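Peer 1: What follows is coords-v6.pdb; its format and atoms are PDB, C-alpha atoms, pLDDT in the B column.
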ATOM      1  CA  MET A 283      -0.898  33.059 -31.047  1.00 74.00           C
ATOM      2  CA  GLY A 284      -1.447  31.485 -27.677  1.00 92.00           C
ATOM      3  CA  THR A 285      -1.868  32.174 -23.999  1.00 97.00           C
ATOM      4  CA  ASN A 286       0.533  31.109 -21.255  1.00 96.00           C
ATOM      5  CA  TYR A 287      -0.629  30.150 -17.765  1.00 97.00           C
ATOM      6  CA  TYR A 288       1.269  30.352 -14.483  1.00 95.00           C
ATOM      7  CA  LEU A 289       0.971  29.168 -10.917  1.00 96.00           C
ATOM      8  CA  CYS A 290       1.897  31.768  -8.310  1.00 92.00           C
ATOM      9  CA  GLU A 291       2.055  31.723  -4.557  1.00 84.00           C
ATOM     10  CA  LYS A 292       0.288  34.781  -3.274  1.00 75.00           C
ATOM     11  CA  LEU A 293       2.041  34.490   0.048  1.00 61.00           C
ATOM     12  CA  PRO A 294       5.725  35.473   0.227  1.00 66.00           C
ATOM     13  CA  CYS A 295       8.416  32.991   1.196  1.00 70.00           C
ATOM     14  CA  LYS A 296       8.244  32.204   4.935  1.00 71.00           C
ATOM     15  CA  GLU A 297      12.045  32.211   5.108  1.00 78.00           C
ATOM     16  CA  CYS A 298      12.954  35.512   3.440  1.00 78.00           C
ATOM     17  CA  GLY A 299       9.677  37.337   2.714  1.00 71.00           C
ATOM     18  CA  ARG A 300      10.352  37.505  -1.031  1.00 72.00           C
ATOM     19  CA  PRO A 301       7.527  36.688  -3.460  1.00 70.00           C
ATOM     20  CA  TYR A 302       7.841  33.377  -5.270  1.00 74.00           C
ATOM     21  CA  GLU A 303       8.639  33.157  -8.978  1.00 83.00           C
ATOM     22  CA  PRO A 304       5.626  32.108 -11.055  1.00 91.00           C
ATOM     23  CA  LYS A 305       5.751  28.520 -12.325  1.00 94.00           C
ATOM     24  CA  HIS A 306       4.795  28.014 -15.984  1.00 96.00           C
ATOM     25  CA  ILE A 307       1.828  25.628 -16.253  1.00 98.00           C
ATOM     26  CA  GLY A 308       1.723  25.611 -20.031  1.00 98.00           C
ATOM     27  CA  LYS A 309       0.379  27.188 -23.162  1.00 97.00           C
ATOM     28  CA  SER A 310      -2.960  27.145 -24.954  1.00 97.00           C
ATOM     29  CA  SER A 311      -2.726  27.641 -28.717  1.00 94.00           C
ATOM     30  CA  GLY A 312      -5.799  27.579 -30.938  1.00 91.00           C
ATOM     31  CA  GLY A 313      -6.314  24.266 -32.717  1.00 92.00           C
ATOM     32  CA  TRP A 314      -3.562  22.487 -30.758  1.00 95.00           C
ATOM     33  CA  CYS A 315      -3.578  20.234 -27.724  1.00 97.00           C
ATOM     34  CA  PHE A 316      -2.631  22.152 -24.584  1.00 98.00           C
ATOM     35  CA  ALA A 317       1.150  22.224 -24.090  1.00 98.00           C
ATOM     36  CA  LEU A 318       1.365  21.153 -20.441  1.00 98.00           C
ATOM     37  CA  HIS A 319       4.753  22.054 -18.988  1.00 98.00           C
ATOM     38  CA  VAL A 320       6.157  19.101 -17.062  1.00 97.00           C
ATOM     39  CA  ILE A 321       9.144  19.496 -14.783  1.00 96.00           C
ATOM     40  CA  PRO A 322      10.260  15.991 -13.754  1.00 96.00           C
ATOM     41  CA  GLU A 323      13.052  17.274 -11.501  1.00 96.00           C
ATOM     42  CA  GLU A 324      10.347  19.001  -9.408  1.00 95.00           C
ATOM     43  CA  GLY A 325       8.001  16.008  -9.438  1.00 97.00           C
ATOM     44  CA  ILE A 326       5.636  17.535 -12.007  1.00 97.00           C
ATOM     45  CA  ASN A 327       5.106  14.742 -14.534  1.00 97.00           C
ATOM     46  CA  ASP A 328       1.458  15.015 -15.596  1.00 97.00           C
ATOM     47  CA  LEU A 329      -1.778  16.901 -15.091  1.00 98.00           C
ATOM     48  CA  GLU A 330      -2.508  15.204 -11.759  1.00 98.00           C
ATOM     49  CA  ASP A 331       0.704  16.665 -10.309  1.00 98.00           C
ATOM     50  CA  TRP A 332      -0.373  20.172 -11.362  1.00 98.00           C
ATOM     51  CA  GLU A 333      -3.827  19.653  -9.852  1.00 97.00           C
ATOM     52  CA  LYS A 334      -2.264  18.815  -6.486  1.00 97.00           C
ATOM     53  CA  LEU A 335      -0.277  22.064  -6.603  1.00 96.00           C
ATOM     54  CA  TRP A 336      -3.334  24.132  -7.561  1.00 94.00           C
ATOM     55  CA  ASP A 337      -5.187  22.838  -4.514  1.00 93.00           C
ATOM     56  CA  GLN A 338      -2.539  23.964  -2.030  1.00 91.00           C
ATOM     57  CA  TYR A 339      -3.304  26.918   0.190  1.00 87.00           C
ATOM     58  CA  GLY A 340      -2.066  30.236  -1.150  1.00 86.00           C
ATOM     59  CA  MET A 341      -1.749  29.199  -4.794  1.00 92.00           C
ATOM     60  CA  VAL A 342      -3.130  31.401  -7.568  1.00 92.00           C
ATOM     61  CA  ILE A 343      -3.433  30.603 -11.280  1.00 94.00           C
ATOM     62  CA  VAL A 344      -3.029  33.515 -13.692  1.00 93.00           C
ATOM     63  CA  ASN A 345      -2.671  33.881 -17.427  1.00 94.00           C
ATOM     64  CA  GLN A 346      -0.020  36.038 -19.078  1.00 94.00           C
ATOM     65  CA  TYR A 347      -2.419  38.987 -19.042  1.00 93.00           C
ATOM     66  CA  GLY A 348      -2.911  38.825 -15.265  1.00 89.00           C
ATOM     67  CA  LYS A 349      -6.387  37.269 -15.316  1.00 93.00           C
ATOM     68  CA  ARG A 350      -6.920  34.982 -12.334  1.00 93.00           C
ATOM     69  CA  LEU A 351      -8.482  31.563 -12.820  1.00 95.00           C
ATOM     70  CA  VAL A 352      -9.846  29.018 -10.384  1.00 96.00           C
ATOM     71  CA  PRO A 353      -8.535  25.458 -10.747  1.00 97.00           C
ATOM     72  CA  SER A 354     -11.711  24.240 -12.471  1.00 97.00           C
ATOM     73  CA  GLU A 355     -11.274  26.897 -15.179  1.00 98.00           C
ATOM     74  CA  MET A 356      -7.656  25.875 -15.744  1.00 98.00           C
ATOM     75  CA  LEU A 357      -8.646  22.216 -15.898  1.00 98.00           C
ATOM     76  CA  SER A 358     -11.313  23.014 -18.482  1.00 98.00           C
ATOM     77  CA  ILE A 359      -8.813  24.900 -20.660  1.00 98.00           C
ATOM     78  CA  ILE A 360      -6.565  21.840 -20.629  1.00 98.00           C
ATOM     79  CA  THR A 361      -9.097  19.013 -20.906  1.00 98.00           C
ATOM     80  CA  GLU A 362     -12.074  20.372 -22.835  1.00 97.00           C
ATOM     81  CA  ARG A 363     -10.350  21.353 -26.054  1.00 95.00           C
ATOM     82  CA  CYS A 364     -11.538  20.849 -29.586  1.00 91.00           C
ATOM     83  CA  GLY A 365     -10.345  22.001 -32.949  1.00 86.00           C
ATOM     84  CA  LEU A 366     -11.821  22.496 -36.352  1.00 78.00           C
ATOM     85  CA  GLY A 367     -10.225  19.387 -37.794  1.00 71.00           C
ATOM     86  CA  HIS A 368      -7.057  20.248 -39.618  1.00 68.00           C
ATOM     87  CA  ASN A 369      -6.735  19.200 -43.227  1.00 73.00           C
ATOM     88  CA  GLU A 370      -3.098  20.165 -43.588  1.00 80.00           C
ATOM     89  CA  SER A 371      -0.810  18.036 -45.695  1.00 87.00           C
ATOM     90  CA  ASP A 372       1.447  15.357 -44.295  1.00 89.00           C
ATOM     91  CA  GLN A 373       4.313  17.718 -45.118  1.00 92.00           C
ATOM     92  CA  TRP A 374       2.779  20.444 -42.913  1.00 91.00           C
ATOM     93  CA  TYR A 375       2.605  17.991 -40.015  1.00 91.00           C
ATOM     94  CA  ARG A 376       6.248  16.961 -40.564  1.00 92.00           C
ATOM     95  CA  GLU A 377       7.427  20.587 -40.768  1.00 93.00           C
ATOM     96  CA  ASN A 378       5.560  21.445 -37.561  1.00 92.00           C
ATOM     97  CA  GLU A 379       6.650  18.292 -35.719  1.00 93.00           C
ATOM     98  CA  ALA A 380       2.995  17.449 -35.239  1.00 94.00           C
ATOM     99  CA  ILE A 381       0.467  14.672 -35.632  1.00 94.00           C
ATOM    100  CA  ARG A 382      -3.309  14.576 -35.777  1.00 92.00           C
ATOM    101  CA  GLY A 383      -4.744  14.642 -32.276  1.00 93.00           C
ATOM    102  CA  PRO A 384      -8.089  14.078 -30.545  1.00 93.00           C
ATOM    103  CA  ASN A 385     -11.178  16.224 -31.134  1.00 93.00           C
ATOM    104  CA  GLY A 386      -9.881  17.704 -34.381  1.00 91.00           C
ATOM    105  CA  LEU A 387      -6.765  19.093 -32.688  1.00 94.00           C
ATOM    106  CA  VAL A 388      -3.137  19.061 -33.739  1.00 94.00           C
ATOM    107  CA  ARG A 389      -0.738  17.609 -31.215  1.00 95.00           C
ATOM    108  CA  SER A 390       3.014  17.669 -30.788  1.00 96.00           C
ATOM    109  CA  ARG A 391       4.898  14.646 -32.028  1.00 97.00           C
ATOM    110  CA  ILE A 392       6.703  12.789 -29.232  1.00 97.00           C
ATOM    111  CA  ASP A 393      10.393  13.403 -29.788  1.00 94.00           C
ATOM    112  CA  GLY A 394      11.870  12.840 -26.329  1.00 90.00           C
ATOM    113  CA  THR A 395      13.479  16.279 -26.175  1.00 91.00           C
ATOM    114  CA  HIS A 396      10.496  18.656 -26.344  1.00 94.00           C
ATOM    115  CA  CYS A 397       7.336  16.551 -26.255  1.00 97.00           C
ATOM    116  CA  ILE A 398       7.882  13.561 -23.988  1.00 97.00           C
ATOM    117  CA  GLY A 399       4.355  12.180 -24.063  1.00 97.00           C
ATOM    118  CA  HIS A 400       0.667  12.687 -24.638  1.00 97.00           C
ATOM    119  CA  GLY A 401      -1.776  13.111 -21.802  1.00 95.00           C
ATOM    120  CA  LYS A 402      -4.860  10.925 -21.490  1.00 93.00           C
ATOM    121  CA  GLY A 403      -6.844  13.688 -23.179  1.00 94.00           C
ATOM    122  CA  THR A 404      -6.270  16.949 -25.012  1.00 97.00           C
ATOM    123  CA  TRP A 405      -2.841  17.833 -23.656  1.00 98.00           C
ATOM    124  CA  ASP A 406       0.774  17.078 -24.476  1.00 98.00           C
ATOM    125  CA  LEU A 407       3.626  16.758 -21.985  1.00 98.00           C
ATOM    126  CA  ILE A 408       6.302  19.312 -22.817  1.00 97.00           C
ATOM    127  CA  ILE A 409       9.661  19.704 -21.065  1.00 97.00           C
ATOM    128  CA  GLY A 410      12.203  22.508 -21.107  1.00 91.00           C
ATOM    129  CA  GLU A 411      11.725  26.220 -21.515  1.00 85.00           C
ATOM    130  CA  PHE A 412       9.029  27.400 -23.893  1.00 76.00           C
ATOM    131  CA  SER A 413       6.412  30.096 -24.150  1.00 69.00           C
TER     132      SER A 413
END
Could you take the file, read its structure, and then write that structure out as structure tokens?

Peer 2:
Amino acid sequence: MGTNYYLCEKLPCKECGRPYEPKHIGKSSGGWCFALHVIPEEGINDLEDWEKLWDQYGMVIVNQYGKRLVPSEMLSIITERCGLGHNESDQWYRENEAIRGPNGLVRSRIDGTHCIGHGKGTWDLIIGEFS
């Protein structure tokens, strides 16, 4: 079980007045590094790119349950993670396309199609659609 996070513009589009579609920031799953959604075609390649978006006027961060977060809370969820130290077998890690990560966390194995990299801390860079 995990929680998804989204970036929303609380102001409607200046052109047509329609509300913007929420942009998926990523997913927090217990015991795992944060799955940070990167969207290279939109210039979102790492955490720093997300931070720049969060700081823009009119942006709101919400989780899938509608709870609003300030940027510092979102940053904490991504960067201040720790796990219990997984003692799963090597087979479990292979089956889950995972490796041992920092702070007792599990992290996604870089495969070039889903996980394209590891952040400098407790997050992985994930492309494509996921939830």

Peer 1: On this structure, which residues satisfy the PyMOL selection byres ((chain A and resi 310) around 8), written as a PyMOL selection string?

Peer 2: chain A and resi 284-286+308-309+311-312+314-317+359-360

Peer 1: Evaluate the PyMOL selection byres ((chain A and resi 382-386) around 6) and record the selected residues as a PyMOL selection string, following the chain and residue labels used in the document.

Peer 2: chain A and resi 364-367+381+387-389

Peer 1: Name the residues in contact with stretch 339-356 of chain A at a cut-off of 7 Å, using only C-alpha atoms, excluding same-chain residues fewer than 5 positions from it; report them as a ChimeraX atom specification.

Peer 2: /A:285-293

Peer 1: Please produce, as a tab-separated table, a per-residue contact table for stretch 299-349 of chain A versus stretch 394-403 of chain A (criterion: any atom at most 12 Å away, all atoms listed in the file considered), showing the nearest atom pair and its distance in Å to one decimal, sorted by chain then residue number.

Peer 2:
residue	atom	partner	partner_atom	distance
A:Cys315	CA	A:Gly403	CA	8.6
A:Phe316	CA	A:Gly401	CA	9.5
A:Ala317	CA	A:Cys397	CA	8.7
A:Leu318	CA	A:Gly401	CA	8.7
A:His319	CA	A:Cys397	CA	9.5
A:Val320	CA	A:Ile398	CA	9.0
A:Ile321	CA	A:Ile398	CA	11.0
A:Pro322	CA	A:Ile398	CA	10.8
A:Asn327	CA	A:Gly399	CA	9.9
A:Asp328	CA	A:Gly401	CA	7.3
A:Leu329	CA	A:Gly401	CA	7.7
A:Glu330	CA	A:Gly401	CA	10.3

Peer 1: With C-alpha atoms retained, export the selected residues as a CSV table (one decimal), keeping the file's coordinate frame.

Peer 2:
chain,number,residue,atom,x,y,z
A,315,CYS,CA,-3.6,20.2,-27.7
A,316,PHE,CA,-2.6,22.2,-24.6
A,317,ALA,CA,1.2,22.2,-24.1
A,318,LEU,CA,1.4,21.2,-20.4
A,319,HIS,CA,4.8,22.1,-19.0
A,320,VAL,CA,6.2,19.1,-17.1
A,321,ILE,CA,9.1,19.5,-14.8
A,322,PRO,CA,10.3,16.0,-13.8
A,327,ASN,CA,5.1,14.7,-14.5
A,328,ASP,CA,1.5,15.0,-15.6
A,329,LEU,CA,-1.8,16.9,-15.1
A,330,GLU,CA,-2.5,15.2,-11.8

Peer 1: Hey, can you check how far atom CA of A:Trp332 sits from atom CA of A:Ala380?

Peer 2: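 Computing it gives 24.3 Å between the two atoms.
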
Peer 1: In Å to one decimal, how far is atom CA of A:Asp372 from atom CA of A:Gly410?

Peer 2: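 Atom CA of A:Asp372 lies at a distance of 26.5 Å from atom CA of A:Gly410.
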
Peer 1: Go ahead and compute the interatomic distance for atom CA of A:Thr361 and atom CA of A:Thr404, in Å to one decimal.

Peer 2: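 These atoms are spaced 5.4 Å apart.
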
Peer 1: Please give the centre and size of the box around stretch 344-361 of chain A (axis-aligned, containing every atom listed in the file, 3 Å added per side), with values in Å to one decimal and written as JSON.

Peer 2:
{"center_x": -5.9, "center_y": 29.0, "center_z": -15.6, "size_x": 17.7, "size_y": 26.0, "size_z": 16.5}

Peer 1: Could I get stretch 298-320 of chain A from the block written as a short mmCIF file (atom, residue, chain, number, x, y, z; two decimals), in the first residue's frame, with C-alpha atoms?

Peer 2:
data_model
loop_
_atom_site.label_atom_id
_atom_site.label_comp_id
_atom_site.auth_asym_id
_atom_site.auth_seq_id
_atom_site.Cartn_x
_atom_site.Cartn_y
_atom_site.Cartn_z
CA CYS A 298 -9.72 28.75 -21.59
CA GLY A 299 -10.66 28.92 -17.89
CA ARG A 300 -10.51 25.13 -17.46
CA PRO A 301 -8.79 23.68 -14.39
CA TYR A 302 -5.44 22.04 -15.01
CA GLU A 303 -4.95 18.28 -14.81
CA PRO A 304 -3.00 17.23 -11.71
CA LYS A 305 0.59 16.18 -12.38
CA HIS A 306 1.75 12.99 -10.62
CA ILE A 307 4.75 13.73 -8.39
CA GLY A 308 5.26 10.16 -7.27
CA LYS A 309 4.42 7.47 -4.78
CA SER A 310 5.43 6.74 -1.21
CA SER A 311 5.36 3.05 -0.28
CA GLY A 312 6.38 1.83 3.16
CA GLY A 313 9.92 0.46 3.29
CA TRP A 314 10.78 1.63 -0.24
CA CYS A 315 12.59 4.65 -1.61
CA PHE A 316 10.14 7.27 -2.86
CA ALA A 317 9.16 6.63 -6.49
CA LEU A 318 9.70 10.11 -7.94
CA HIS A 319 7.89 10.46 -11.26
CA VAL A 320 10.19 12.05 -13.82
#
